[in-house]
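> Pasting a structure here, questions to come.
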Amino acid sequence: MTDSSRLQLEHRLAELHLREHAVLVGNGTTGLALLVRALGLQNREVAVPDSVCLNVPLGLRFGGAWPEYLDNQWNDLGLDTQALAAPRAGRGAILAVHGYGQISEMDPLLAAAHQQGLPLIEDACLAMGGIHHGRPVGSFGLASVISFGAGKPLSLDHGGAVLTDDAELAAELRTLDAALPAFSESAQARIDALGSAHTRLYNRCWPEGLAAEAPAFAQEMLAASDAFLHRFDPRRLAPLQALLPRLQTVVRQRRDNFERLSALLRPLAGDALQLLPLTPGAVPWRLNVLMQSRHEAMRALHAQGLHASSWHPRASGFLPGTGAEAEHPVAQRLGREILNLWVDEQSTGAYAQAVLRTLEAHLRARQDLTLTA
Ligand SMILES: *Cc1c(COP(=O)(O)O)cnc(C)c1O
């Protein structure tokens, strides 16, 4: 495919998100890093929620900025707007992360950015296809980042884009992107290996060993900037073009699967299992529940060959930044208790029934334990 097909696709992505410009990048992490550089945020701090995908602070570090960790808030699992209201001298930008497939309420975040004279960046990597106040996610703030990486609503296992209305910023992003190396299979293999290592480390070490082992692992990720930072692979233009029209179908399917699984799990809800409701317009990434026996429940699901994960432990435990020492009760509870259940296209009715049976058996076994104790 030619340069003109790239421009056409970027135009389509911009249009979908009510933006003037879209710049295709190698992945969402690269998008964040390039934005940090283009906005001159080197050595400044960027406010992020502490319970977040590790790639978020990683992208900031790759760009030369530092994360400023604030707590999450329960209503949307995004940045704690009250904590954000207190200005900080070192803060250079606010990153609104639509985490867990939830949509962050943008009005207070935009208001804080405006009051503090800071740019607001929207991380929509997990929420492409979502709607907020009648507008597409990816249309808020100075710039937004989307991803087509593994596990994202629209997944090619590669690529992402930065969206903005600012022509100068888009041009600067293109210049910075052009200086990055081309995509390579070996770079992707290194990223994938780090991703698997992260999952293994976390599942093996939770909870006691994690604090001791996380920093060394984070160093490995930081040392892999040359693998993470690369350009969009032109061979993925045609597949992305073919995938885009499926967005609404994918979103609908995820919402349907979410509804079916939450209806099944509702009778289990109580002290031992709490369902986290979805914000309006969200694109469910997973169905998230809180369980005090989260890790045991996850192991029970894995033993049945069912998918479950426990993202995210607080990112500040891996990558240092301001606020890493502070108490963040919401982020800490999410780290201890969240269980993410799959709602993607493989989450059929039979699959959802198997998840229900396994969680039911798990809870019953624990109840029996406490009764006989
Ligand atoms: C996955 C993800 C990223 C990074 O995207 P990649 O394309 O995997 O680099 C950034 N932010 C959030 C919220 C994510 O979930």
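In the structure tokens, chains take letters A, B, ... by order of appearance, with residues numbered from 1 within each chain and ligands from 1 in the order shown.
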Would you pick out the contacts of A:Ile146 at 7 Å or less, using only C-alpha atoms, so that residues sharing its chain but fewer than 5 positions from it are not included, and give the list as a PyMOL selection string?
chain A and resi 28+123-125+128+160-162
> Neighbours of ligand 1 at 7 Å or closer, counting only C-alpha atoms and all ligand atoms: which residues, as a list of chain:residue names?
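Based on only C-alpha atoms and all ligand atoms, ligand 1 is surrounded within 7 Å by A:Asn27, A:Gly28, A:Thr29, A:Thr30, A:Val52, A:Cys53, A:Asn55, A:Val56, A:Val97, A:His98, A:Gly99, A:Asp123, A:Ala124, A:Cys125, A:Leu126, A:Ser147, A:Phe148, A:Gly149, A:Ala150, A:Lys152, A:His158, A:Gly159, A:Gly160.
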> Please save all heavy atoms of the selected residues as a compact mmCIF listing (two decimals), in the first residue's frame.

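Okay, this is what ended up in part-v2.txt:
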# COMPACT_ATOMS: atom_id res chain seq x y z
N ASN A 27 2.51 1.85 18.32
CA ASN A 27 1.66 1.32 19.41
C ASN A 27 1.25 2.50 20.30
O ASN A 27 1.74 3.63 20.12
CB ASN A 27 2.40 0.24 20.22
CG ASN A 27 3.79 0.67 20.63
OD1 ASN A 27 3.96 1.73 21.23
ND2 ASN A 27 4.79 -0.13 20.30
N GLY A 28 0.36 2.23 21.24
CA GLY A 28 -0.13 3.30 22.11
C GLY A 28 0.97 3.88 22.99
O GLY A 28 0.99 5.08 23.27
N THR A 29 1.89 3.02 23.43
CA THR A 29 2.99 3.47 24.28
C THR A 29 3.84 4.50 23.53
O THR A 29 4.22 5.54 24.10
CB THR A 29 3.87 2.25 24.67
OG1 THR A 29 3.00 1.23 25.16
CG2 THR A 29 4.87 2.61 25.72
N THR A 30 4.12 4.22 22.27
CA THR A 30 4.86 5.17 21.44
C THR A 30 4.07 6.47 21.29
O THR A 30 4.65 7.57 21.35
CB THR A 30 5.13 4.57 20.04
OG1 THR A 30 5.94 3.41 20.20
CG2 THR A 30 5.84 5.54 19.13
N VAL A 52 -3.35 1.42 36.89
CA VAL A 52 -3.37 1.72 35.46
C VAL A 52 -2.48 0.71 34.75
O VAL A 52 -1.60 0.10 35.37
CB VAL A 52 -2.86 3.17 35.24
CG1 VAL A 52 -1.36 3.27 35.37
CG2 VAL A 52 -3.30 3.73 33.89
N CYS A 53 -2.70 0.55 33.46
CA CYS A 53 -1.83 -0.29 32.64
C CYS A 53 -0.39 0.23 32.73
O CYS A 53 -0.14 1.44 32.61
CB CYS A 53 -2.32 -0.22 31.20
SG CYS A 53 -1.23 -0.99 30.00
N ASN A 55 1.94 0.24 30.76
CA ASN A 55 2.42 0.94 29.56
C ASN A 55 2.22 2.45 29.65
O ASN A 55 2.86 3.19 28.92
CB ASN A 55 1.70 0.41 28.32
CG ASN A 55 2.17 -0.96 27.95
OD1 ASN A 55 2.11 -1.87 28.78
ND2 ASN A 55 2.66 -1.14 26.73
N VAL A 56 1.32 2.87 30.53
CA VAL A 56 1.06 4.31 30.63
C VAL A 56 2.26 5.04 31.23
O VAL A 56 2.86 5.90 30.56
CB VAL A 56 -0.25 4.58 31.40
CG1 VAL A 56 -0.43 6.06 31.69
CG2 VAL A 56 -1.45 4.02 30.63
N VAL A 97 -7.05 8.64 31.77
CA VAL A 97 -7.00 7.27 31.27
C VAL A 97 -8.37 6.62 31.43
O VAL A 97 -8.87 6.51 32.55
CB VAL A 97 -5.94 6.43 32.03
CG1 VAL A 97 -5.85 5.04 31.42
CG2 VAL A 97 -4.59 7.13 32.01
N HIS A 98 -8.96 6.21 30.32
CA HIS A 98 -10.21 5.45 30.39
C HIS A 98 -9.82 4.01 30.71
O HIS A 98 -9.68 3.19 29.80
CB HIS A 98 -10.98 5.52 29.09
CG HIS A 98 -11.34 6.93 28.67
ND1 HIS A 98 -12.12 7.76 29.46
CD2 HIS A 98 -11.03 7.65 27.57
CE1 HIS A 98 -12.28 8.92 28.85
NE2 HIS A 98 -11.62 8.89 27.70
N GLY A 99 -9.60 3.72 31.98
CA GLY A 99 -9.08 2.41 32.37
C GLY A 99 -10.17 1.38 32.49
O GLY A 99 -11.35 1.72 32.68
N ASP A 123 -6.12 9.18 27.19
CA ASP A 123 -5.66 7.83 26.84
C ASP A 123 -6.90 6.97 26.60
O ASP A 123 -7.56 6.52 27.54
CB ASP A 123 -4.80 7.24 27.96
CG ASP A 123 -4.27 5.85 27.62
OD1 ASP A 123 -4.91 5.15 26.80
OD2 ASP A 123 -3.23 5.45 28.17
N ALA A 124 -7.21 6.78 25.33
CA ALA A 124 -8.41 6.04 24.94
C ALA A 124 -8.04 4.66 24.39
O ALA A 124 -8.81 4.06 23.64
CB ALA A 124 -9.21 6.84 23.91
N CYS A 125 -6.85 4.17 24.78
CA CYS A 125 -6.36 2.90 24.22
C CYS A 125 -7.32 1.74 24.47
O CYS A 125 -7.43 0.83 23.66
CB CYS A 125 -4.99 2.57 24.82
SG CYS A 125 -3.67 3.60 24.15
N LEU A 126 -8.01 1.78 25.63
CA LEU A 126 -8.90 0.65 25.95
C LEU A 126 -10.35 0.98 25.66
O LEU A 126 -11.22 0.17 25.98
CB LEU A 126 -8.77 0.32 27.44
CG LEU A 126 -7.80 -0.76 27.86
CD1 LEU A 126 -8.07 -1.15 29.30
CD2 LEU A 126 -7.88 -1.99 26.96
N SER A 147 -5.17 2.64 20.57
CA SER A 147 -4.28 1.50 20.31
C SER A 147 -5.05 0.38 19.61
O SER A 147 -6.23 0.17 19.87
CB SER A 147 -3.72 0.98 21.63
OG SER A 147 -3.16 -0.31 21.48
N PHE A 148 -4.34 -0.31 18.72
CA PHE A 148 -4.88 -1.52 18.08
C PHE A 148 -4.07 -2.73 18.53
O PHE A 148 -3.95 -3.72 17.82
CB PHE A 148 -4.83 -1.39 16.55
CG PHE A 148 -5.25 -0.04 16.04
CD1 PHE A 148 -4.34 0.80 15.41
CD2 PHE A 148 -6.55 0.41 16.21
CE1 PHE A 148 -4.70 2.06 14.97
CE2 PHE A 148 -6.93 1.67 15.78
CZ PHE A 148 -6.00 2.49 15.15
N GLY A 149 -3.49 -2.64 19.71
CA GLY A 149 -2.64 -3.70 20.23
C GLY A 149 -3.43 -4.89 20.74
O GLY A 149 -4.67 -4.89 20.73
N ALA A 150 -2.71 -5.90 21.20
CA ALA A 150 -3.33 -7.12 21.71
C ALA A 150 -4.25 -6.78 22.89
O ALA A 150 -3.89 -5.99 23.75
CB ALA A 150 -2.25 -8.09 22.15
N LYS A 152 -6.96 -5.06 22.96
CA LYS A 152 -7.76 -3.83 22.83
C LYS A 152 -9.05 -4.16 22.09
O LYS A 152 -9.11 -5.15 21.35
CB LYS A 152 -6.99 -2.74 22.09
CG LYS A 152 -5.57 -2.54 22.58
CD LYS A 152 -5.51 -2.11 24.04
CE LYS A 152 -4.07 -1.99 24.47
NZ LYS A 152 -3.89 -1.76 25.90
N HIS A 158 -1.05 -4.79 16.84
CA HIS A 158 -0.04 -3.80 16.44
C HIS A 158 -0.71 -2.45 16.19
O HIS A 158 -1.82 -2.39 15.70
CB HIS A 158 0.66 -4.24 15.16
CG HIS A 158 1.55 -3.16 14.57
ND1 HIS A 158 2.79 -2.89 15.08
CD2 HIS A 158 1.34 -2.27 13.57
CE1 HIS A 158 3.32 -1.89 14.40
NE2 HIS A 158 2.46 -1.49 13.48
N GLY A 159 0.03 -1.41 16.52
CA GLY A 159 -0.36 -0.09 16.04
C GLY A 159 -1.20 0.73 17.00
O GLY A 159 -1.75 0.25 17.98
N GLY A 160 -1.26 1.98 16.68
CA GLY A 160 -2.06 2.93 17.43
C GLY A 160 -2.08 4.24 16.67
O GLY A 160 -1.56 4.32 15.55
> For each of A:Gln353, A:Ala272, A:Ala361, A:Leu154, take the minimum atom-to-atom distance to A:Gln248, counting only C-alpha atoms, then give the residue where this is smallest.
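Closest to A:Gln248 of all the choices is A:Leu154.
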> Env of stretch 346-350 of chain A: 12 Å cut, atoms = only C-alpha atoms, seq-sep filter 2 positions within chain, self excluded. Answer as an MDAnalysis selection string.
chainID A and resid 250 253:264 285:287 306:308 341:344 352:357
> Using the selection just defined, write its residues with N, CA and C atoms as a PDB file, in the first residue's frame.

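The new file again11.pdb reads:
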ATOM      1  N   VAL A 250     -18.060  -4.961  17.164  1.00  0.00           N
ATOM      2  CA  VAL A 250     -17.224  -5.407  18.280  1.00  0.00           C
ATOM      3  C   VAL A 250     -17.730  -4.795  19.590  1.00  0.00           C
ATOM      4  N   GLN A 253     -21.007  -6.441  20.597  1.00  0.00           N
ATOM      5  CA  GLN A 253     -20.772  -7.796  21.089  1.00  0.00           C
ATOM      6  C   GLN A 253     -20.218  -7.775  22.516  1.00  0.00           C
ATOM      7  N   ARG A 254     -19.274  -6.884  22.770  1.00  0.00           N
ATOM      8  CA  ARG A 254     -18.712  -6.795  24.120  1.00  0.00           C
ATOM      9  C   ARG A 254     -19.775  -6.373  25.126  1.00  0.00           C
ATOM     10  N   ARG A 255     -20.624  -5.416  24.726  1.00  0.00           N
ATOM     11  CA  ARG A 255     -21.691  -4.986  25.646  1.00  0.00           C
ATOM     12  C   ARG A 255     -22.657  -6.135  25.909  1.00  0.00           C
ATOM     13  N   ASP A 256     -23.024  -6.884  24.860  1.00  0.00           N
ATOM     14  CA  ASP A 256     -23.943  -8.019  25.039  1.00  0.00           C
ATOM     15  C   ASP A 256     -23.324  -9.072  25.943  1.00  0.00           C
ATOM     16  N   ASN A 257     -22.068  -9.398  25.707  1.00  0.00           N
ATOM     17  CA  ASN A 257     -21.395 -10.407  26.529  1.00  0.00           C
ATOM     18  C   ASN A 257     -21.281  -9.943  27.971  1.00  0.00           C
ATOM     19  N   PHE A 258     -21.035  -8.641  28.140  1.00  0.00           N
ATOM     20  CA  PHE A 258     -20.952  -8.073  29.489  1.00  0.00           C
ATOM     21  C   PHE A 258     -22.301  -8.233  30.193  1.00  0.00           C
ATOM     22  N   GLU A 259     -23.370  -7.878  29.491  1.00  0.00           N
ATOM     23  CA  GLU A 259     -24.716  -7.947  30.093  1.00  0.00           C
ATOM     24  C   GLU A 259     -25.060  -9.378  30.484  1.00  0.00           C
ATOM     25  N   ARG A 260     -24.752 -10.316  29.590  1.00  0.00           N
ATOM     26  CA  ARG A 260     -25.089 -11.719  29.859  1.00  0.00           C
ATOM     27  C   ARG A 260     -24.328 -12.220  31.084  1.00  0.00           C
ATOM     28  N   LEU A 261     -23.026 -11.931  31.127  1.00  0.00           N
ATOM     29  CA  LEU A 261     -22.228 -12.428  32.247  1.00  0.00           C
ATOM     30  C   LEU A 261     -22.625 -11.736  33.547  1.00  0.00           C
ATOM     31  N   SER A 262     -22.912 -10.430  33.497  1.00  0.00           N
ATOM     32  CA  SER A 262     -23.273  -9.778  34.770  1.00  0.00           C
ATOM     33  C   SER A 262     -24.636 -10.254  35.252  1.00  0.00           C
ATOM     34  N   ALA A 263     -25.567 -10.553  34.324  1.00  0.00           N
ATOM     35  CA  ALA A 263     -26.864 -11.095  34.755  1.00  0.00           C
ATOM     36  C   ALA A 263     -26.669 -12.450  35.443  1.00  0.00           C
ATOM     37  N   LEU A 264     -25.764 -13.259  34.889  1.00  0.00           N
ATOM     38  CA  LEU A 264     -25.507 -14.575  35.487  1.00  0.00           C
ATOM     39  C   LEU A 264     -24.871 -14.443  36.866  1.00  0.00           C
ATOM     40  N   TRP A 285     -14.036  -3.746  28.443  1.00  0.00           N
ATOM     41  CA  TRP A 285     -12.791  -4.464  28.173  1.00  0.00           C
ATOM     42  C   TRP A 285     -12.892  -5.828  28.838  1.00  0.00           C
ATOM     43  N   ARG A 286     -13.220  -5.822  30.122  1.00  0.00           N
ATOM     44  CA  ARG A 286     -13.497  -7.021  30.901  1.00  0.00           C
ATOM     45  C   ARG A 286     -14.703  -6.716  31.773  1.00  0.00           C
ATOM     46  N   LEU A 287     -15.288  -7.768  32.344  1.00  0.00           N
ATOM     47  CA  LEU A 287     -16.233  -7.555  33.427  1.00  0.00           C
ATOM     48  C   LEU A 287     -15.412  -7.583  34.703  1.00  0.00           C
ATOM     49  N   LEU A 306     -10.323 -21.240  32.030  1.00  0.00           N
ATOM     50  CA  LEU A 306     -11.063 -20.002  31.765  1.00  0.00           C
ATOM     51  C   LEU A 306     -10.140 -18.803  31.968  1.00  0.00           C
ATOM     52  N   HIS A 307     -10.449 -17.715  31.265  1.00  0.00           N
ATOM     53  CA  HIS A 307      -9.604 -16.526  31.338  1.00  0.00           C
ATOM     54  C   HIS A 307      -9.970 -15.673  32.544  1.00  0.00           C
ATOM     55  N   ALA A 308      -8.968 -15.185  33.209  1.00  0.00           N
ATOM     56  CA  ALA A 308      -9.181 -14.192  34.263  1.00  0.00           C
ATOM     57  C   ALA A 308      -7.846 -13.539  34.528  1.00  0.00           C
ATOM     58  N   LEU A 341     -12.852 -10.439  34.146  1.00  0.00           N
ATOM     59  CA  LEU A 341     -13.406 -11.603  33.441  1.00  0.00           C
ATOM     60  C   LEU A 341     -13.638 -11.243  31.978  1.00  0.00           C
ATOM     61  N   TRP A 342     -13.268 -12.133  31.068  1.00  0.00           N
ATOM     62  CA  TRP A 342     -13.280 -11.840  29.625  1.00  0.00           C
ATOM     63  C   TRP A 342     -14.706 -11.673  29.080  1.00  0.00           C
ATOM     64  N   VAL A 343     -14.876 -10.696  28.214  1.00  0.00           N
ATOM     65  CA  VAL A 343     -16.163 -10.496  27.536  1.00  0.00           C
ATOM     66  C   VAL A 343     -15.948 -10.319  26.026  1.00  0.00           C
ATOM     67  N   ASP A 344     -14.811 -10.811  25.527  1.00  0.00           N
ATOM     68  CA  ASP A 344     -14.537 -10.665  24.093  1.00  0.00           C
ATOM     69  C   ASP A 344     -15.338 -11.701  23.286  1.00  0.00           C
ATOM     70  N   ALA A 352     -19.720 -18.289  29.587  1.00  0.00           N
ATOM     71  CA  ALA A 352     -20.203 -17.525  30.740  1.00  0.00           C
ATOM     72  C   ALA A 352     -20.765 -18.466  31.814  1.00  0.00           C
ATOM     73  N   GLN A 353     -21.453 -19.527  31.380  1.00  0.00           N
ATOM     74  CA  GLN A 353     -21.991 -20.514  32.337  1.00  0.00           C
ATOM     75  C   GLN A 353     -20.851 -21.190  33.100  1.00  0.00           C
ATOM     76  N   ALA A 354     -19.770 -21.476  32.397  1.00  0.00           N
ATOM     77  CA  ALA A 354     -18.627 -22.137  33.041  1.00  0.00           C
ATOM     78  C   ALA A 354     -17.979 -21.200  34.066  1.00  0.00           C
ATOM     79  N   VAL A 355     -17.922 -19.905  33.750  1.00  0.00           N
ATOM     80  CA  VAL A 355     -17.382 -18.928  34.703  1.00  0.00           C
ATOM     81  C   VAL A 355     -18.266 -18.890  35.947  1.00  0.00           C
ATOM     82  N   LEU A 356     -19.585 -18.860  35.716  1.00  0.00           N
ATOM     83  CA  LEU A 356     -20.531 -18.842  36.840  1.00  0.00           C
ATOM     84  C   LEU A 356     -20.339 -20.065  37.740  1.00  0.00           C
ATOM     85  N   ARG A 357     -20.331 -21.253  37.137  1.00  0.00           N
ATOM     86  CA  ARG A 357     -20.198 -22.494  37.924  1.00  0.00           C
ATOM     87  C   ARG A 357     -18.913 -22.488  38.748  1.00  0.00           C
TER      88      ARG A 357
END
> Hey, what's within 6 Å of stretch 134-144 of chain A if we count only C-alpha atoms and toss same-chain stuff fewer than 6 positions away? As a list in words, please?
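My reading of the contact set: His17, Leu18, Leu120, Ile121, Glu122, Asp123, Ala124, Val162, Leu163 and Thr164 of chain A.
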> Just want the 9 Å neighbourhood of stretch 202-211 of chain A, counted on only C-alpha atoms, with same-chain residues fewer than 2 positions away dropped. Output as a list in words.
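Returned residues: Ala197, His198, Thr199, Arg200, Glu213, Ala214, Pro215, His295, Ser309, Ser310, Pro313, Gly317, Phe318 and Arg336 of chain A.
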> Can you tell me, as a PyMOL selection string, which residues in stretch 78-263 of chain A count as helix (DSSP H, G or I) by DSSP?
chain A and resi 81-85+99-101+106-116+167-178+185-205+210-222+225-228+234-263
> Convert the current residue selection to file output with C-alpha atoms, as a CSV table (one decimal), in the first residue's frame.

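Once everything was written out, this is part37.csv:
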chain,number,residue,atom,x,y,z
A,81,THR,CA,-10.7,14.5,40.5
A,82,GLN,CA,-10.4,15.8,44.1
A,83,ALA,CA,-6.8,14.9,44.4
A,84,LEU,CA,-6.2,16.6,41.0
A,85,ALA,CA,-7.8,19.8,42.1
A,99,GLY,CA,-9.1,2.4,32.4
A,100,TYR,CA,-10.7,-1.0,32.6
A,101,GLY,CA,-12.9,-0.1,29.6
A,106,MET,CA,-14.2,14.3,31.5
A,107,ASP,CA,-15.8,17.6,32.7
A,108,PRO,CA,-13.9,17.9,36.0
A,109,LEU,CA,-10.7,16.8,34.4
A,110,LEU,CA,-11.0,19.3,31.6
A,111,ALA,CA,-11.9,22.0,34.2
A,112,ALA,CA,-8.8,21.2,36.3
A,113,ALA,CA,-6.6,21.3,33.2
A,114,HIS,CA,-8.0,24.6,32.2
A,115,GLN,CA,-7.7,26.1,35.7
A,116,GLN,CA,-4.1,24.9,36.0
A,167,ALA,CA,-2.1,21.1,13.1
A,168,GLU,CA,1.3,22.1,14.5
A,169,LEU,CA,1.2,19.3,17.1
A,170,ALA,CA,0.3,16.8,14.4
A,171,ALA,CA,3.2,18.0,12.3
A,172,GLU,CA,5.6,17.7,15.2
A,173,LEU,CA,4.4,14.2,16.0
A,174,ARG,CA,5.0,13.2,12.4
A,175,THR,CA,8.6,14.5,12.5
A,176,LEU,CA,9.3,12.7,15.7
A,177,ASP,CA,7.7,9.5,14.5
A,178,ALA,CA,9.7,9.6,11.2
A,185,GLU,CA,9.2,-8.8,14.2
A,186,SER,CA,12.1,-9.0,16.7
A,187,ALA,CA,11.0,-5.8,18.4
A,188,GLN,CA,7.5,-7.1,18.7
A,189,ALA,CA,8.7,-10.4,20.1
A,190,ARG,CA,10.6,-8.5,22.8
A,191,ILE,CA,7.5,-6.5,23.7
A,192,ASP,CA,5.4,-9.7,23.8
A,193,ALA,CA,8.0,-11.5,25.9
A,194,LEU,CA,8.0,-8.7,28.5
A,195,GLY,CA,4.2,-8.7,28.6
A,196,SER,CA,4.2,-12.5,29.4
A,197,ALA,CA,6.9,-12.0,31.9
A,198,HIS,CA,4.9,-9.3,33.6
A,199,THR,CA,1.9,-11.6,33.9
A,200,ARG,CA,4.0,-14.5,35.2
A,201,LEU,CA,5.8,-12.4,37.7
A,202,TYR,CA,2.5,-11.0,39.0
A,203,ASN,CA,0.7,-14.3,39.2
A,204,ARG,CA,3.7,-16.0,40.9
A,205,CYS,CA,4.6,-13.3,43.3
A,210,LEU,CA,5.8,-8.5,44.2
A,211,ALA,CA,7.2,-5.4,45.9
A,212,ALA,CA,10.7,-7.0,46.0
A,213,GLU,CA,10.7,-8.1,42.3
A,214,ALA,CA,8.8,-5.4,40.6
A,215,PRO,CA,11.6,-2.7,40.4
A,216,ALA,CA,14.0,-5.1,38.6
A,217,PHE,CA,11.3,-6.0,36.2
A,218,ALA,CA,10.5,-2.4,35.5
A,219,GLN,CA,14.2,-1.8,34.8
A,220,GLU,CA,14.0,-4.4,32.1
A,221,MET,CA,11.0,-2.7,30.5
A,222,LEU,CA,12.7,0.7,30.7
A,225,SER,CA,12.6,1.5,24.8
A,226,ASP,CA,14.2,0.7,21.4
A,227,ALA,CA,11.8,-2.3,21.1
A,228,PHE,CA,8.7,-0.3,22.1
A,234,PRO,CA,2.8,-0.3,6.6
A,235,ARG,CA,1.8,-4.0,6.0
A,236,ARG,CA,-0.9,-3.4,8.6
A,237,LEU,CA,-2.6,-0.6,6.7
A,238,ALA,CA,-4.9,-3.0,4.7
A,239,PRO,CA,-5.8,-5.2,7.7
A,240,LEU,CA,-6.6,-2.0,9.7
A,241,GLN,CA,-8.7,-0.7,6.9
A,242,ALA,CA,-10.6,-3.9,6.8
A,243,LEU,CA,-11.0,-4.0,10.6
A,244,LEU,CA,-12.3,-0.4,11.2
A,245,PRO,CA,-15.9,-1.0,9.8
A,246,ARG,CA,-16.2,-3.8,12.4
A,247,LEU,CA,-15.9,-1.4,15.4
A,248,GLN,CA,-19.6,-1.0,16.1
A,249,THR,CA,-20.1,-4.8,15.9
A,250,VAL,CA,-17.2,-5.4,18.3
A,251,VAL,CA,-18.5,-2.8,20.8
A,252,ARG,CA,-22.1,-4.3,20.6
A,253,GLN,CA,-20.8,-7.8,21.1
A,254,ARG,CA,-18.7,-6.8,24.1
A,255,ARG,CA,-21.7,-5.0,25.6
A,256,ASP,CA,-23.9,-8.0,25.0
A,257,ASN,CA,-21.4,-10.4,26.5
A,258,PHE,CA,-21.0,-8.1,29.5
A,259,GLU,CA,-24.7,-7.9,30.1
A,260,ARG,CA,-25.1,-11.7,29.9
A,261,LEU,CA,-22.2,-12.4,32.2
A,262,SER,CA,-23.3,-9.8,34.8
A,263,ALA,CA,-26.9,-11.1,34.8
> Show me, as a VMD selection string, the residues that have an atom within 6 Å of A:Gly281 when counting only C-alpha atoms, minus same-chain residues fewer than 2 positions from it.
chain A and resid 130 to 132
